[in-house]
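Pasted below: protein_16.cif, mmCIF, C-alpha atoms and all ligand atoms.
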```cif
data_entry
loop_
_atom_site.group_PDB
_atom_site.id
_atom_site.type_symbol
_atom_site.label_atom_id
_atom_site.label_comp_id
_atom_site.auth_asym_id
_atom_site.auth_seq_id
_atom_site.Cartn_x
_atom_site.Cartn_y
_atom_site.Cartn_z
ATOM 1 C CA MET A 1 106.567 111.136 103.411
ATOM 2 C CA LEU A 2 107.948 114.467 102.171
ATOM 3 C CA VAL A 3 105.399 114.661 99.389
ATOM 4 C CA ARG A 4 102.628 113.927 101.832
ATOM 5 C CA TRP A 5 103.709 116.712 104.190
ATOM 6 C CA ALA A 6 103.917 119.189 101.347
ATOM 7 C CA TRP A 7 100.388 118.248 100.407
ATOM 8 C CA LEU A 8 99.202 118.829 103.949
ATOM 9 C CA VAL A 9 100.641 122.341 103.996
ATOM 10 C CA VAL A 10 98.825 123.133 100.768
ATOM 11 C CA SER A 11 95.582 121.622 101.990
ATOM 12 C CA LEU A 12 95.578 123.817 105.101
ATOM 13 C CA SER A 13 94.545 126.858 103.122
ATOM 14 C CA PHE A 14 91.486 125.046 101.808
ATOM 15 C CA CYS A 15 89.943 124.002 105.065
ATOM 16 C CA ASP A 16 89.719 127.317 106.916
ATOM 17 C CA GLY A 17 86.471 127.545 108.807
ATOM 18 C CA ASN A 18 85.481 124.152 107.546
ATOM 19 C CA ASP A 19 87.385 121.920 109.899
ATOM 20 C CA PRO A 20 85.477 119.079 111.549
ATOM 21 C CA PHE A 21 87.465 119.611 114.770
ATOM 22 C CA SER A 22 90.158 121.659 116.388
ATOM 23 C CA VAL A 23 92.997 120.600 118.653
ATOM 24 C CA VAL A 24 92.900 121.924 122.206
ATOM 25 C CA VAL A 25 95.911 122.208 124.504
ATOM 26 C CA PRO A 26 96.642 124.192 127.681
ATOM 27 C CA ARG A 27 97.698 127.794 127.079
ATOM 28 C CA VAL A 28 100.045 127.683 130.035
ATOM 29 C CA PRO A 29 103.179 125.525 130.320
ATOM 30 C CA VAL A 30 102.977 122.060 131.820
ATOM 31 C CA TYR A 31 105.430 121.417 134.657
ATOM 32 C CA GLY A 32 107.303 118.188 135.078
ATOM 33 C CA LEU A 33 109.745 117.059 137.713
ATOM 34 C CA LEU A 34 113.079 115.624 136.624
ATOM 35 C CA GLY A 35 112.906 111.818 136.676
ATOM 36 C CA SER A 36 109.157 111.614 137.132
ATOM 37 C CA SER A 37 106.358 111.459 134.553
ATOM 38 C CA VAL A 38 104.067 114.083 133.135
ATOM 39 C CA THR A 39 101.031 114.158 130.877
ATOM 40 C CA LEU A 40 101.091 116.503 127.915
ATOM 41 C CA PRO A 41 97.385 117.245 127.485
ATOM 42 C CA CYS A 42 95.813 117.404 124.057
ATOM 43 C CA SER A 43 92.263 116.759 122.965
ATOM 44 C CA ILE A 44 89.947 117.564 120.110
ATOM 45 C CA SER A 45 86.880 119.744 120.144
ATOM 46 C CA PRO A 46 84.067 118.975 119.627
ATOM 47 C CA THR A 47 84.448 115.597 121.324
ATOM 48 C CA LEU A 48 84.819 113.019 118.561
ATOM 49 C CA ASN A 49 85.955 109.442 118.499
ATOM 50 C CA ALA A 50 89.591 109.753 117.396
ATOM 51 C CA VAL A 51 90.322 106.042 117.250
ATOM 52 C CA ASN A 52 90.440 106.134 113.459
ATOM 53 C CA PHE A 53 92.339 109.387 113.283
ATOM 54 C CA GLU A 54 96.059 109.832 112.970
ATOM 55 C CA VAL A 55 97.921 111.334 115.907
ATOM 56 C CA LEU A 56 101.368 112.788 115.655
ATOM 57 C CA TRP A 57 103.414 114.281 118.461
ATOM 58 C CA PHE A 58 106.662 115.940 117.520
ATOM 59 C CA ARG A 59 108.958 118.731 118.534
ATOM 60 C CA PRO A 60 109.172 121.844 116.346
ATOM 61 C CA GLN A 61 111.626 121.298 113.479
ATOM 62 C CA GLU A 62 111.606 117.564 114.176
ATOM 63 C CA GLY A 63 108.463 116.579 112.304
ATOM 64 C CA HIS A 64 110.341 113.828 110.490
ATOM 65 C CA THR A 65 111.187 112.095 113.789
ATOM 66 C CA PRO A 66 107.962 112.170 115.785
ATOM 67 C CA ILE A 67 108.069 111.207 119.416
ATOM 68 C CA LEU A 68 104.797 109.368 118.899
ATOM 69 C CA PHE A 69 102.940 108.356 115.760
ATOM 70 C CA TYR A 70 99.554 106.672 115.931
ATOM 71 C CA GLN A 71 97.968 105.452 112.704
ATOM 72 C CA ASP A 72 95.655 102.635 111.617
ATOM 73 C CA LEU A 73 94.623 101.869 115.200
ATOM 74 C CA GLU A 74 98.120 101.387 116.508
ATOM 75 C CA ILE A 75 101.266 103.137 117.614
ATOM 76 C CA ARG A 76 103.816 102.885 114.840
ATOM 77 C CA GLU A 77 107.259 101.743 115.809
ATOM 78 C CA ASN A 78 108.811 103.803 113.073
ATOM 79 C CA PRO A 79 109.623 106.567 112.624
ATOM 80 C CA ARG A 80 110.582 107.409 116.138
ATOM 81 C CA ASN A 81 112.796 109.742 117.999
ATOM 82 C CA PRO A 82 115.601 107.984 119.931
ATOM 83 C CA GLN A 83 115.492 110.552 122.717
ATOM 84 C CA PHE A 84 111.933 109.482 123.562
ATOM 85 C CA GLN A 85 112.135 105.786 122.767
ATOM 86 C CA GLY A 86 110.221 103.767 125.344
ATOM 87 C CA ARG A 87 109.224 106.827 127.365
ATOM 88 C CA VAL A 88 106.096 108.018 125.560
ATOM 89 C CA SER A 89 102.615 106.522 125.443
ATOM 90 C CA LEU A 90 99.060 107.570 124.734
ATOM 91 C CA ILE A 91 97.157 107.715 128.000
ATOM 92 C CA GLY A 92 93.992 106.350 126.406
ATOM 93 C CA GLY A 93 90.587 107.889 125.884
ATOM 94 C CA LEU A 94 91.033 108.258 122.145
ATOM 95 C CA ASP A 95 87.386 107.309 121.748
ATOM 96 C CA LYS A 96 86.590 110.511 123.647
ATOM 97 C CA GLY A 97 89.006 112.606 121.634
ATOM 98 C CA ASN A 98 91.716 112.547 124.272
ATOM 99 C CA VAL A 99 95.086 112.230 122.547
ATOM 100 C CA SER A 100 97.239 113.288 125.502
ATOM 101 C CA VAL A 101 100.595 111.592 125.884
ATOM 102 C CA LYS A 102 102.432 110.484 128.976
ATOM 103 C CA LEU A 103 106.142 111.182 129.107
ATOM 104 C CA GLU A 104 108.086 109.128 131.622
ATOM 105 C CA ASN A 105 111.431 109.580 133.335
ATOM 106 C CA ILE A 106 111.658 113.256 132.423
ATOM 107 C CA ARG A 107 115.077 114.538 131.406
ATOM 108 C CA LEU A 108 116.370 118.072 131.325
ATOM 109 C CA GLU A 109 116.510 118.072 127.525
ATOM 110 C CA ASP A 110 112.779 117.296 127.350
ATOM 111 C CA LYS A 111 112.087 120.914 128.244
ATOM 112 C CA GLY A 112 110.514 122.839 125.387
ATOM 113 C CA GLU A 113 107.687 122.718 122.935
ATOM 114 C CA TYR A 114 105.704 119.784 121.632
ATOM 115 C CA ILE A 115 103.292 119.846 118.748
ATOM 116 C CA CYS A 116 100.151 117.728 118.904
ATOM 117 C CA ARG A 117 98.707 117.097 115.457
ATOM 118 C CA VAL A 118 95.510 115.208 114.752
ATOM 119 C CA GLU A 119 94.602 114.176 111.253
ATOM 120 C CA LYS A 120 91.404 112.785 109.863
ATOM 121 C CA THR A 121 91.025 111.122 106.489
ATOM 122 C CA ASP A 122 87.539 110.585 105.213
ATOM 123 C CA GLU A 123 86.515 109.572 101.715
ATOM 124 C CA GLY A 124 89.769 110.836 100.280
ATOM 125 C CA GLU A 125 89.580 114.136 102.095
ATOM 126 C CA GLU A 126 92.114 114.975 104.723
ATOM 127 C CA TRP A 127 91.911 117.459 107.592
ATOM 128 C CA TYR A 128 94.299 118.217 110.354
ATOM 129 C CA ASP A 129 94.805 120.633 113.169
ATOM 130 C CA GLU A 130 97.703 121.058 115.531
ATOM 131 C CA ALA A 131 98.665 122.979 118.635
ATOM 132 C CA THR A 132 101.752 123.465 120.763
ATOM 133 C CA VAL A 133 102.225 122.352 124.370
ATOM 134 C CA SER A 134 105.096 123.785 126.356
ATOM 135 C CA LEU A 135 106.904 121.655 128.935
ATOM 136 C CA GLN A 136 108.928 123.112 131.790
ATOM 137 C CA VAL A 137 111.248 120.806 133.663
ATOM 138 C CA ASN A 138 111.965 121.396 137.318
ATOM 139 C CA GLY A 139 114.935 119.778 139.004
ATOM 140 C CA LYS A 140 115.088 118.339 142.504
ATOM 141 C CA TYR A 141 117.085 120.490 144.815
HETATM 142 C C1 LIG B 201 92.481 113.354 129.070
HETATM 143 O O1 LIG B 201 92.894 112.351 129.970
HETATM 144 C C2 LIG B 201 93.693 112.817 131.051
HETATM 145 C C3 LIG B 201 94.156 111.634 131.862
HETATM 146 O O2 LIG B 201 93.118 110.735 132.109
HETATM 147 C C4 LIG B 201 92.884 113.793 131.884
HETATM 148 O O3 LIG B 201 93.681 114.296 132.919
HETATM 149 C C5 LIG B 201 92.420 114.920 130.999
HETATM 150 O O4 LIG B 201 91.587 115.780 131.738
HETATM 151 C C6 LIG B 201 91.654 114.393 129.799
HETATM 152 N N1 LIG B 201 91.344 115.508 128.911
HETATM 153 C C7 LIG B 201 90.116 115.706 128.448
HETATM 154 C C8 LIG B 201 89.924 116.909 127.602
HETATM 155 O O5 LIG B 201 89.194 114.937 128.697
#
```
Write the structure described by the file as structure tokens, please.
Amino acid sequence: MLVRWAWLVVSLSFCDGNDPFSVVVPRVPVYGLLGSSVTLPCSISPTLNAVNFEVLWFRPQEGHTPILFYQDLEIRENPRNPQFQGRVSLIGGLDKGNVSVKLENIRLEDKGEYICRVEKTDEGEEWYDEATVSLQVNGKY
């Protein structure tokens, strides 16, 4: 896994301006209410079928324990982040490039940034793009 990530960092410099898609997220924070659920929006532009792509959601500095990892048409059980176990799902619409995730039963410690990364492998070539979504958590008073 480490080797693969290192390769991705290197490959980034080669695909400037040549990417088949870019990842789009809201520029403003998403607000969630403690104990309820929220959707962290993320999609790709132009609209492409992302069913065969790889989707990785992780928090900054926690790339090795993603909160969600989709690959080979399914959500991988491992690796996963215990904090988010059983609380995160893709909302669907991957065929329309929608890779948003739903986070349930929001906790205070969920507040912060989330990175949405989409990766495409095609004939041995690999592209990816990623963007950061910020989640604010509001309590009930
Ligand atoms: C992705 O799906 C969610 C939930 O259905 C929706 O709210 C959102 O607008 C969709 N995003 C795009 C870019 O289609």
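Against the coordinates shown, the PyMOL selection byres (((not hetatm)) within 10 of (chain B and resi 201)) returns Val24, Val25, Pro26, Thr39, Leu40, Pro41, Cys42, Ser43, Ile44, Ser45, Thr47, Leu90, Ile91, Gly92, Gly93, Leu94, Lys96, Gly97, Asn98, Val99, Ser100, Val101 and Lys102 of chain A.
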**OP:** Convert the output of the PyMOL selection byres (((chain A and resi 109) around 12) and not hetatm) on the shown file into explicit residues, formatted as a ChimeraX atom specification.
**Re:** /A:32,34-35,59,83-84,105-108,110-113,135-139
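When the PyMOL selection byres (((chain A and resi 58) around 9) and not hetatm) is evaluated on the file shown here, the picked residues come out as A:Leu56, A:Trp57, A:Arg59, A:Pro60, A:Gln61, A:Glu62, A:Gly63, A:His64, A:Thr65, A:Pro66, A:Ile67, A:Leu68, A:Phe69, A:Asn81, A:Glu113, A:Tyr114, A:Ile115, A:Cys116, A:Arg117.
For the residues A:Pro20, A:Pro82, A:Pro29, A:Pro46, ranking by smallest atom-to-atom distance to Ser134 in chain A using only C-alpha atoms places A:Pro29 first.
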